[in-house]
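Enquirer: Sharing a structure, written as structure tokens. Questions coming.
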Number of protein chains: 2
Amino acid sequence: MPPSSVTQRLQPVFDQVNEAIRQRLGSDVSFVSEVSQYILLSGGKRLRPALFVLSARLCGYEAGRELAISPAFEFLHAATLLHDDVVDGADTRRGKKAAHHVYGNPGVILVGDFLLAQSMALGAETGMLAFTETMARAVSRMAEGEVLQLLHARDPGITEADYETVIHRKTGVLIESACYLGAVIADAPEERAEALGRFGRLIGMAFQIIDDTLDYTGTEAEFGKPVGHDLDEGKITLPLIRTLAAARPDHRRELEDLIGRDRRTPEEFARVKELIQLYRGLEQSMARAVEAVAEAKQALAVFPDVQERRDLADLGDYIVTRRK
Amino acid sequence: MPPSSVTQRLQPVFDQVNEAIRQRLGSDVSFVSEVSQYILLSGGKRLRPALFVLSARLCGYEAGRELAISPAFEFLHAATLLHDDVVDGADTRRGKKAAHHVYGNPGVILVGDFLLAQSMALGAETGMLAFTETMARAVSRMAEGEVLQLLHARDPGITEADYETVIHRKTGVLIESACYLGAVIADAPEERAEALGRFGRLIGMAFQIIDDTLDYTGTEAEFGKPVGHDLDEGKITLPLIRTLAAARPDHRRELEDLIGRDRRTPEEFARVKELIQLYRGLEQSMARAVEAVAEAKQALAVFPDVQERRDLADLGDYIVTRRK
């Protein structure tokens, strides 16, 4: 089955997740509801809640609360998007103006806090200590990941290990948590929870690597945010890191100079892309993502070959073939 | 016993809370530790953890974990200070430059998220569902309170009821939660938990009213932040609300005009203070705070007259007599 069809096959799950999100959205302060809706009802992929739901079902969970709890992962994700867009000064998100350009930084920071708290409250509804602990640890790690990213801004000396630490924390940890907690809510044995956590961690890494390649290859219309933006924000991602590592000394110096600037002309950005192309930085990054997804799928080997396992594997494949 | 001596008498508790905070502070990302220390080791009053510790002991808690858990309330408080100072564009905090002027908005927003998560993780360590639920609800309410405050900025039509809703959410809820959860960790009967919650809610209200009067009466050296700053941030607090309610029509119009401006000259601010003085806005506000503390102390009547009850009552009195 071509992986692109997995999102169609799972449409009922996405629809149910969307309904659960709508039911749990809201505050008696209408501004808070409005900003929450702006970020949450603007067409996110719902990857995290869907992974939680599928993981719970793969572990044989039958108590039927996986959909009701699943918005916790989208709320947490939305909270970090709101804060990260303020932190990065992003202009657009999902093809719309970033929320802080519509509602202002102050309101967006506070609604981020609100959604963060709502996600914790939802997690607590499970009555399981591991939920709160894992979610709280995820938030800490995500904040640390974003800080590390800021600290590495415009640093051409960033290593691939540094990059992997950043993307693991900023993206991998939440996807890992969604999968892991699917096993936890189902009271699955630790071996299975660990396997799902590992699966999530690896597809999370692949997801971010693909995001970072799309920033060079996508078009704004497809991607929902401007391309080339990472470099403008000082983010040196895998395509560049691999290129820097492979480049001839003169090309490396040229790239370091282009990266170090606050802004580049369109011609200068084209030259960056040319050098990335020369050293196959995008292909190498894609290969790394594909490799991570293959490893992720191996982690699922502890489970029988049932539909939910195939769905998770196909979502992994979808992640590396997506165009936005 | 004069209430001013309660903070001396409770110094051992504050010292133990400080030690617990130092032990639980920290991240493997040194920037995160540094910003956390900047906000947390700069001489806060430790009121919230101390109230939690005393409440637990008043309820006969003997398992000995109250000090270890108490930093949760200071971390949560610090997280909101970091975010609020960004939201308000505050210049100073506790006599030092506000953190975002030292470390930048992005880092401070993220470290706020980190501390928020750390507080949830600490609360989860109790293994009690009510902890996470109450803390998460507190964070939601606090964010909503700050949003409401923004929405009422420079609004001379703000009513005393609006003001009480704002200060309850932005300040009262966390102090209420600290007292309430002291009873929860001690497995106290609901009646006692409610009584402590009510006590906390009322002294929290008094605390914020006093804060709002100090903004008109204190000196920057005493108060640790510039006076008159609330009005510059558009915050219309009880001294002004009472003055507006009592003022002659011409004085009311004059005040509304002065309040509506983005900035006032020192002479204009002096005129605002003169009108507040004329209508006894500060005295009325102080009286409201004293009344709230008296009510708060009545809520403690369900407890026997033991030292911890007297300590809590004295902390209530301290709140209305403090100068900073």
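Naming works like this for the structure tokens: A, B, ... for the chains as they're shown, residue 1 at the start of each chain, ligands 1 onward in shown order.
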Chain B superposed on chain A over all ordered C-alpha pairs, least squares: can you write that as an mmCIF file with C-alpha atoms, in the first residue's frame?
Expert:
data_model
loop_
_atom_site.group_PDB
_atom_site.id
_atom_site.type_symbol
_atom_site.label_atom_id
_atom_site.label_comp_id
_atom_site.auth_asym_id
_atom_site.auth_seq_id
_atom_site.Cartn_x
_atom_site.Cartn_y
_atom_site.Cartn_z
ATOM 1 C CA MET B 1 -0.033 0.000 0.020
ATOM 2 C CA PRO B 2 1.540 3.332 -0.893
ATOM 3 C CA PRO B 3 2.162 5.278 2.310
ATOM 4 C CA SER B 4 0.393 8.364 0.957
ATOM 5 C CA SER B 5 -2.916 6.538 1.355
ATOM 6 C CA VAL B 6 -2.433 5.948 5.091
ATOM 7 C CA THR B 7 -3.737 9.373 5.954
ATOM 8 C CA GLN B 8 -6.879 8.614 3.919
ATOM 9 C CA ARG B 9 -7.304 5.240 5.582
ATOM 10 C CA LEU B 10 -6.891 6.835 9.016
ATOM 11 C CA GLN B 11 -9.243 9.719 8.227
ATOM 12 C CA PRO B 12 -11.891 8.401 10.668
ATOM 13 C CA VAL B 13 -9.286 8.509 13.472
ATOM 14 C CA PHE B 14 -8.243 12.046 12.530
ATOM 15 C CA ASP B 15 -11.921 13.081 12.408
ATOM 16 C CA GLN B 16 -12.559 11.623 15.859
ATOM 17 C CA VAL B 17 -9.453 13.327 17.224
ATOM 18 C CA ASN B 18 -10.646 16.623 15.732
ATOM 19 C CA GLU B 19 -14.021 16.185 17.385
ATOM 20 C CA ALA B 20 -12.345 15.468 20.743
ATOM 21 C CA ILE B 21 -10.182 18.579 20.349
ATOM 22 C CA ARG B 22 -13.237 20.730 19.616
ATOM 23 C CA GLN B 23 -15.018 19.336 22.666
ATOM 24 C CA ARG B 24 -12.127 20.099 24.996
ATOM 25 C CA LEU B 25 -11.273 23.514 23.626
ATOM 26 C CA GLY B 26 -12.460 26.541 25.407
ATOM 27 C CA SER B 27 -12.261 28.969 28.251
ATOM 28 C CA ASP B 28 -14.783 31.335 29.763
ATOM 29 C CA VAL B 29 -12.438 34.102 28.596
ATOM 30 C CA SER B 30 -13.418 34.450 24.948
ATOM 31 C CA PHE B 31 -10.033 35.791 23.849
ATOM 32 C CA VAL B 32 -8.399 32.626 25.188
ATOM 33 C CA SER B 33 -10.876 30.457 23.252
ATOM 34 C CA GLU B 34 -10.326 32.514 20.124
ATOM 35 C CA VAL B 35 -6.537 32.235 20.119
ATOM 36 C CA SER B 36 -6.792 28.529 21.023
ATOM 37 C CA GLN B 37 -9.092 27.954 18.068
ATOM 38 C CA TYR B 38 -6.875 29.977 15.770
ATOM 39 C CA ILE B 39 -3.908 27.725 16.420
ATOM 40 C CA LEU B 40 -5.790 24.442 16.904
ATOM 41 C CA LEU B 41 -8.411 24.569 14.179
ATOM 42 C CA SER B 42 -6.088 25.638 11.376
ATOM 43 C CA GLY B 43 -5.423 22.273 9.817
ATOM 44 C CA GLY B 44 -2.663 20.629 11.834
ATOM 45 C CA LYS B 45 -1.812 17.061 10.918
ATOM 46 C CA ARG B 46 -2.998 15.630 14.285
ATOM 47 C CA LEU B 47 -0.043 13.286 14.085
ATOM 48 C CA ARG B 48 0.614 13.193 17.837
ATOM 49 C CA PRO B 49 -2.925 12.361 19.015
ATOM 50 C CA ALA B 50 -3.291 9.807 16.209
ATOM 51 C CA LEU B 51 -0.048 8.109 17.264
ATOM 52 C CA PHE B 52 -1.293 7.984 20.864
ATOM 53 C CA VAL B 53 -4.619 6.462 19.803
ATOM 54 C CA LEU B 54 -3.001 3.859 17.541
ATOM 55 C CA SER B 55 -0.377 2.977 20.154
ATOM 56 C CA ALA B 56 -3.048 2.441 22.809
ATOM 57 C CA ARG B 57 -5.054 0.229 20.458
ATOM 58 C CA LEU B 58 -1.959 -1.706 19.375
ATOM 59 C CA CYS B 59 -1.459 -2.521 23.066
ATOM 60 C CA GLY B 60 -4.981 -3.873 23.276
ATOM 61 C CA TYR B 61 -6.467 -0.925 25.175
ATOM 62 C CA GLU B 62 -10.208 -1.429 25.410
ATOM 63 C CA ALA B 63 -11.437 1.028 28.049
ATOM 64 C CA GLY B 64 -12.287 3.482 25.280
ATOM 65 C CA ARG B 65 -10.786 6.716 26.647
ATOM 66 C CA GLU B 66 -7.935 7.056 24.132
ATOM 67 C CA LEU B 67 -9.808 9.534 21.961
ATOM 68 C CA ALA B 68 -10.935 11.650 24.916
ATOM 69 C CA ILE B 69 -7.358 11.928 26.232
ATOM 70 C CA SER B 70 -5.676 12.350 22.830
ATOM 71 C CA PRO B 71 -6.141 16.172 22.594
ATOM 72 C CA ALA B 72 -3.561 16.468 25.394
ATOM 73 C CA PHE B 73 -0.836 15.879 22.799
ATOM 74 C CA GLU B 74 -2.226 18.376 20.310
ATOM 75 C CA PHE B 75 -2.713 21.011 23.047
ATOM 76 C CA LEU B 76 0.876 20.566 24.172
ATOM 77 C CA HIS B 77 2.065 20.774 20.577
ATOM 78 C CA ALA B 78 -0.030 23.914 19.970
ATOM 79 C CA ALA B 79 1.302 25.532 23.152
ATOM 80 C CA THR B 80 4.866 25.041 21.961
ATOM 81 C CA LEU B 81 4.009 26.314 18.468
ATOM 82 C CA LEU B 82 2.598 29.511 19.981
ATOM 83 C CA HIS B 83 5.659 30.058 22.161
ATOM 84 C CA ASP B 84 8.154 29.010 19.482
ATOM 85 C CA ASP B 85 6.644 31.354 16.917
ATOM 86 C CA VAL B 86 7.063 34.235 19.383
ATOM 87 C CA VAL B 87 10.590 33.062 20.196
ATOM 88 C CA ASP B 88 11.539 32.749 16.520
ATOM 89 C CA GLY B 89 9.610 35.823 15.380
ATOM 90 C CA ALA B 90 7.939 33.588 12.765
ATOM 91 C CA ASP B 91 5.665 35.293 10.225
ATOM 92 C CA THR B 92 3.416 32.478 9.099
ATOM 93 C CA ARG B 93 2.220 29.093 10.303
ATOM 94 C CA ARG B 94 0.090 26.618 8.352
ATOM 95 C CA GLY B 95 -0.351 29.139 5.551
ATOM 96 C CA LYS B 96 -1.829 31.764 7.874
ATOM 97 C CA LYS B 97 -0.312 34.685 9.748
ATOM 98 C CA ALA B 98 1.404 33.406 12.888
ATOM 99 C CA ALA B 99 -0.914 33.914 15.886
ATOM 100 C CA HIS B 100 1.254 36.569 17.528
ATOM 101 C CA HIS B 101 0.885 38.794 14.454
ATOM 102 C CA VAL B 102 -2.883 38.630 14.882
ATOM 103 C CA TYR B 103 -3.234 38.640 18.675
ATOM 104 C CA GLY B 104 0.074 40.116 19.890
ATOM 105 C CA ASN B 105 2.914 38.475 21.790
ATOM 106 C CA PRO B 106 1.433 38.951 25.287
ATOM 107 C CA GLY B 107 -1.849 37.205 24.566
ATOM 108 C CA VAL B 108 -0.139 34.428 22.645
ATOM 109 C CA ILE B 109 2.376 33.717 25.428
ATOM 110 C CA LEU B 110 -0.468 33.478 27.946
ATOM 111 C CA VAL B 111 -2.684 31.297 25.773
ATOM 112 C CA GLY B 112 0.346 29.034 25.276
ATOM 113 C CA ASP B 113 0.517 28.676 29.058
ATOM 114 C CA PHE B 114 -3.208 28.011 29.142
ATOM 115 C CA LEU B 115 -2.958 25.218 26.561
ATOM 116 C CA LEU B 116 0.046 23.747 28.311
ATOM 117 C CA ALA B 117 -1.990 23.569 31.519
ATOM 118 C CA GLN B 118 -5.000 22.140 29.688
ATOM 119 C CA SER B 119 -2.848 19.348 28.311
ATOM 120 C CA MET B 120 -1.565 18.513 31.800
ATOM 121 C CA ALA B 121 -5.123 18.533 33.156
ATOM 122 C CA LEU B 122 -6.225 16.130 30.413
ATOM 123 C CA GLY B 123 -3.281 13.851 31.124
ATOM 124 C CA ALA B 124 -4.140 13.909 34.825
ATOM 125 C CA GLU B 125 -7.641 12.681 33.976
ATOM 126 C CA THR B 126 -6.137 9.274 33.290
ATOM 127 C CA GLY B 127 -5.375 9.086 37.005
ATOM 128 C CA MET B 128 -1.982 7.644 36.044
ATOM 129 C CA LEU B 129 1.065 9.207 37.596
ATOM 130 C CA ALA B 130 3.249 8.235 34.615
ATOM 131 C CA PHE B 131 1.120 10.455 32.415
ATOM 132 C CA THR B 132 1.804 13.671 34.259
ATOM 133 C CA GLU B 133 5.429 12.773 34.858
ATOM 134 C CA THR B 134 6.086 11.911 31.214
ATOM 135 C CA MET B 135 4.246 14.968 29.916
ATOM 136 C CA ALA B 136 5.958 17.313 32.355
ATOM 137 C CA ARG B 137 9.345 15.847 31.431
ATOM 138 C CA ALA B 138 8.471 16.301 27.754
ATOM 139 C CA VAL B 139 7.697 19.994 28.305
ATOM 140 C CA SER B 140 11.009 20.491 30.153
ATOM 141 C CA ARG B 141 12.945 18.737 27.386
ATOM 142 C CA MET B 142 11.154 20.679 24.665
ATOM 143 C CA ALA B 143 11.949 23.993 26.324
ATOM 144 C CA GLU B 144 15.578 22.906 26.726
ATOM 145 C CA GLY B 145 15.684 21.842 23.059
ATOM 146 C CA GLU B 146 14.465 25.241 21.925
ATOM 147 C CA VAL B 147 17.013 26.938 24.182
ATOM 148 C CA LEU B 148 19.817 24.772 22.753
ATOM 149 C CA GLN B 149 18.651 25.728 19.279
ATOM 150 C CA LEU B 150 18.873 29.411 20.201
ATOM 151 C CA LEU B 151 22.351 28.886 21.654
ATOM 152 C CA HIS B 152 23.512 27.201 18.428
ATOM 153 C CA ALA B 153 22.046 29.939 16.218
ATOM 154 C CA ARG B 154 24.391 30.877 13.355
ATOM 155 C CA ASP B 155 27.048 28.517 14.749
ATOM 156 C CA PRO B 156 28.718 26.783 11.780
ATOM 157 C CA GLY B 157 30.589 24.617 14.297
ATOM 158 C CA ILE B 158 27.363 22.822 15.282
ATOM 159 C CA THR B 159 27.937 19.073 15.015
ATOM 160 C CA GLU B 160 25.496 16.462 13.816
ATOM 161 C CA ALA B 161 25.335 15.205 17.424
ATOM 162 C CA ASP B 162 24.351 18.705 18.622
ATOM 163 C CA TYR B 163 21.703 18.827 15.915
ATOM 164 C CA GLU B 164 20.325 15.434 16.905
ATOM 165 C CA THR B 165 20.122 16.509 20.552
ATOM 166 C CA VAL B 166 18.202 19.637 19.555
ATOM 167 C CA ILE B 167 15.706 17.871 17.286
ATOM 168 C CA HIS B 168 15.261 14.991 19.710
ATOM 169 C CA ARG B 169 14.297 17.407 22.453
ATOM 170 C CA LYS B 170 12.306 19.907 20.456
ATOM 171 C CA THR B 171 10.376 17.382 18.330
ATOM 172 C CA GLY B 172 11.241 13.788 19.173
ATOM 173 C CA VAL B 173 10.354 13.830 22.861
ATOM 174 C CA LEU B 174 6.690 14.726 22.399
ATOM 175 C CA ILE B 175 6.142 12.145 19.651
ATOM 176 C CA GLU B 176 7.984 9.601 21.782
ATOM 177 C CA SER B 177 5.747 10.496 24.743
ATOM 178 C CA ALA B 178 2.548 10.147 22.699
ATOM 179 C CA CYS B 179 3.513 6.618 21.599
ATOM 180 C CA TYR B 180 4.902 5.598 24.991
ATOM 181 C CA LEU B 181 1.828 6.846 26.859
ATOM 182 C CA GLY B 182 -0.424 4.939 24.462
ATOM 183 C CA ALA B 183 1.173 1.817 25.925
ATOM 184 C CA VAL B 184 0.930 3.207 29.459
ATOM 185 C CA ILE B 185 -2.804 3.887 29.270
ATOM 186 C CA ALA B 186 -3.249 0.311 28.025
ATOM 187 C CA ASP B 187 -1.225 -1.040 30.950
ATOM 188 C CA ALA B 188 1.126 -2.717 28.495
ATOM 189 C CA PRO B 189 4.322 -4.413 29.708
ATOM 190 C CA GLU B 190 7.330 -2.085 29.939
ATOM 191 C CA GLU B 191 9.021 -3.818 26.972
ATOM 192 C CA ARG B 192 6.159 -2.774 24.712
ATOM 193 C CA ALA B 193 6.014 0.749 26.131
ATOM 194 C CA GLU B 194 9.764 1.090 25.501
ATOM 195 C CA ALA B 195 9.381 -0.248 21.962
ATOM 196 C CA LEU B 196 6.659 2.297 21.192
ATOM 197 C CA GLY B 197 8.714 5.058 22.802
ATOM 198 C CA ARG B 198 11.664 4.119 20.611
ATOM 199 C CA PHE B 199 9.434 4.059 17.536
ATOM 200 C CA GLY B 200 8.141 7.538 18.388
ATOM 201 C CA ARG B 201 11.583 8.932 19.102
ATOM 202 C CA LEU B 202 12.899 7.741 15.728
ATOM 203 C CA ILE B 203 9.965 8.858 13.595
ATOM 204 C CA GLY B 204 10.075 12.154 15.514
ATOM 205 C CA MET B 205 13.658 12.586 14.446
ATOM 206 C CA ALA B 206 12.744 11.692 10.856
ATOM 207 C CA PHE B 207 9.833 14.136 10.996
ATOM 208 C CA GLN B 208 12.066 17.016 11.986
ATOM 209 C CA ILE B 209 14.777 16.150 9.449
ATOM 210 C CA ILE B 210 12.147 16.152 6.702
ATOM 211 C CA ASP B 211 10.819 19.466 8.014
ATOM 212 C CA ASP B 212 14.330 20.822 7.767
ATOM 213 C CA THR B 213 14.795 19.581 4.184
ATOM 214 C CA LEU B 214 11.398 20.970 3.122
ATOM 215 C CA ASP B 215 12.609 24.365 4.278
ATOM 216 C CA TYR B 216 15.060 24.168 1.351
ATOM 217 C CA THR B 217 12.990 22.308 -1.239
ATOM 218 C CA GLY B 218 9.338 23.103 -0.651
ATOM 219 C CA THR B 219 7.385 26.048 -1.937
ATOM 220 C CA GLU B 220 5.636 28.336 0.526
ATOM 221 C CA ALA B 221 2.230 27.378 -0.926
ATOM 222 C CA GLU B 222 2.895 23.676 -0.278
ATOM 223 C CA PHE B 223 4.691 24.035 3.036
ATOM 224 C CA GLY B 224 2.428 26.569 4.752
ATOM 225 C CA LYS B 225 5.412 28.632 5.894
ATOM 226 C CA PRO B 226 8.132 30.504 3.986
ATOM 227 C CA VAL B 227 11.046 28.398 2.732
ATOM 228 C CA GLY B 228 14.599 29.385 3.627
ATOM 229 C CA HIS B 229 13.236 30.666 6.886
ATOM 230 C CA ASP B 230 15.329 28.369 9.087
ATOM 231 C CA LEU B 231 18.523 29.980 7.885
ATOM 232 C CA ASP B 232 17.050 33.451 8.407
ATOM 233 C CA GLU B 233 16.353 32.404 11.996
ATOM 234 C CA GLY B 234 19.937 31.191 12.336
ATOM 235 C CA LYS B 235 18.972 27.505 12.372
ATOM 236 C CA ILE B 236 21.680 25.339 10.895
ATOM 237 C CA THR B 237 20.011 22.061 10.033
ATOM 238 C CA LEU B 238 21.125 18.694 8.695
ATOM 239 C CA PRO B 239 21.299 19.567 4.962
ATOM 240 C CA LEU B 240 23.780 22.340 5.810
ATOM 241 C CA ILE B 241 25.622 20.349 8.471
ATOM 242 C CA ARG B 242 26.239 17.490 6.035
ATOM 243 C CA THR B 243 27.281 19.958 3.328
ATOM 244 C CA LEU B 244 29.697 21.757 5.670
ATOM 245 C CA ALA B 245 31.192 18.414 6.679
ATOM 246 C CA ALA B 246 31.760 17.318 3.079
ATOM 247 C CA ALA B 247 32.702 20.650 1.479
ATOM 248 C CA ARG B 248 36.114 21.610 0.085
ATOM 249 C CA PRO B 249 37.838 24.192 2.344
ATOM 250 C CA ASP B 250 37.026 27.122 0.019
ATOM 251 C CA HIS B 251 33.390 26.086 -0.271
ATOM 252 C CA ARG B 252 33.204 25.597 3.473
ATOM 253 C CA ARG B 253 34.557 29.100 4.094
ATOM 254 C CA GLU B 254 32.127 30.526 1.563
ATOM 255 C CA LEU B 255 29.204 28.762 3.254
ATOM 256 C CA GLU B 256 30.309 29.831 6.730
ATOM 257 C CA ASP B 257 30.387 33.407 5.530
ATOM 258 C CA LEU B 258 26.914 33.148 3.978
ATOM 259 C CA ILE B 259 25.493 31.448 7.091
ATOM 260 C CA GLY B 260 27.013 33.961 9.487
ATOM 261 C CA ARG B 261 25.068 36.916 8.051
ATOM 262 C CA ASP B 262 21.801 38.085 9.539
ATOM 263 C CA ARG B 263 20.183 38.189 6.113
ATOM 264 C CA ARG B 264 21.090 36.972 2.631
ATOM 265 C CA THR B 265 20.038 38.298 -0.777
ATOM 266 C CA PRO B 266 17.993 35.874 -2.930
ATOM 267 C CA GLU B 267 21.186 35.313 -4.975
ATOM 268 C CA GLU B 268 23.148 34.474 -1.847
ATOM 269 C CA PHE B 269 20.454 32.058 -0.684
ATOM 270 C CA ALA B 270 20.494 30.493 -4.155
ATOM 271 C CA ARG B 271 24.239 30.001 -3.738
ATOM 272 C CA VAL B 272 23.680 28.270 -0.385
ATOM 273 C CA LYS B 273 21.221 25.929 -2.091
ATOM 274 C CA GLU B 274 23.682 25.362 -4.954
ATOM 275 C CA LEU B 275 26.393 24.279 -2.531
ATOM 276 C CA ILE B 276 23.944 22.025 -0.683
ATOM 277 C CA GLN B 277 23.048 20.495 -4.023
ATOM 278 C CA LEU B 278 26.702 20.049 -4.971
ATOM 279 C CA TYR B 279 27.379 18.030 -1.821
ATOM 280 C CA ARG B 280 24.029 16.249 -1.897
ATOM 281 C CA GLY B 281 23.078 17.664 1.503
ATOM 282 C CA LEU B 282 19.352 17.148 0.926
ATOM 283 C CA GLU B 283 19.714 13.595 -0.366
ATOM 284 C CA GLN B 284 21.929 12.699 2.586
ATOM 285 C CA SER B 285 19.397 14.183 5.004
ATOM 286 C CA MET B 286 16.512 12.350 3.371
ATOM 287 C CA ALA B 287 18.516 9.149 3.583
ATOM 288 C CA ARG B 288 19.075 9.742 7.301
ATOM 289 C CA ALA B 289 15.344 10.210 7.797
ATOM 290 C CA VAL B 290 14.514 7.074 5.823
ATOM 291 C CA GLU B 291 17.052 5.144 7.878
ATOM 292 C CA ALA B 292 15.491 6.433 11.135
ATOM 293 C CA VAL B 293 12.032 5.334 10.004
ATOM 294 C CA ALA B 294 13.351 1.900 9.055
ATOM 295 C CA GLU B 295 14.861 1.586 12.527
ATOM 296 C CA ALA B 296 11.598 2.823 14.018
ATOM 297 C CA LYS B 297 9.631 0.136 12.232
ATOM 298 C CA GLN B 298 12.037 -2.516 13.502
ATOM 299 C CA ALA B 299 11.214 -1.410 17.038
ATOM 300 C CA LEU B 300 7.633 -2.504 16.376
ATOM 301 C CA ALA B 301 8.778 -6.105 15.836
ATOM 302 C CA VAL B 302 7.802 -6.954 19.422
ATOM 303 C CA PHE B 303 4.172 -6.574 18.354
ATOM 304 C CA PRO B 304 2.156 -9.030 16.267
ATOM 305 C CA ASP B 305 1.511 -8.012 12.667
ATOM 306 C CA VAL B 306 -1.898 -6.440 13.234
ATOM 307 C CA GLN B 307 -3.580 -3.495 11.497
ATOM 308 C CA GLU B 308 -2.533 -0.893 14.115
ATOM 309 C CA ARG B 309 1.109 -1.907 13.742
ATOM 310 C CA ARG B 310 0.816 -1.528 9.970
ATOM 311 C CA ASP B 311 -0.894 1.834 10.449
ATOM 312 C CA LEU B 312 1.933 3.081 12.680
ATOM 313 C CA ALA B 313 4.546 1.807 10.206
ATOM 314 C CA ASP B 314 2.723 3.475 7.331
ATOM 315 C CA LEU B 315 2.552 6.745 9.281
ATOM 316 C CA GLY B 316 6.326 6.457 9.623
ATOM 317 C CA ASP B 317 6.647 6.056 5.861
ATOM 318 C CA TYR B 318 4.225 8.919 5.313
ATOM 319 C CA ILE B 319 6.462 11.173 7.384
ATOM 320 C CA VAL B 320 9.389 10.742 5.003
ATOM 321 C CA THR B 321 7.328 11.136 1.848
ATOM 322 C CA ARG B 322 5.194 14.099 2.905
ATOM 323 C CA ARG B 323 5.490 17.367 1.029
ATOM 324 C CA LYS B 324 4.357 19.620 3.851
#
Enquirer: Apply DSSP to the backbone of this structure and, from range 45-94 of chain B, keep only the residues in alpha helix (DSSP H); write these as a PyMOL selection string.
Expert: chain B and resi 47-58+66-69+71-88
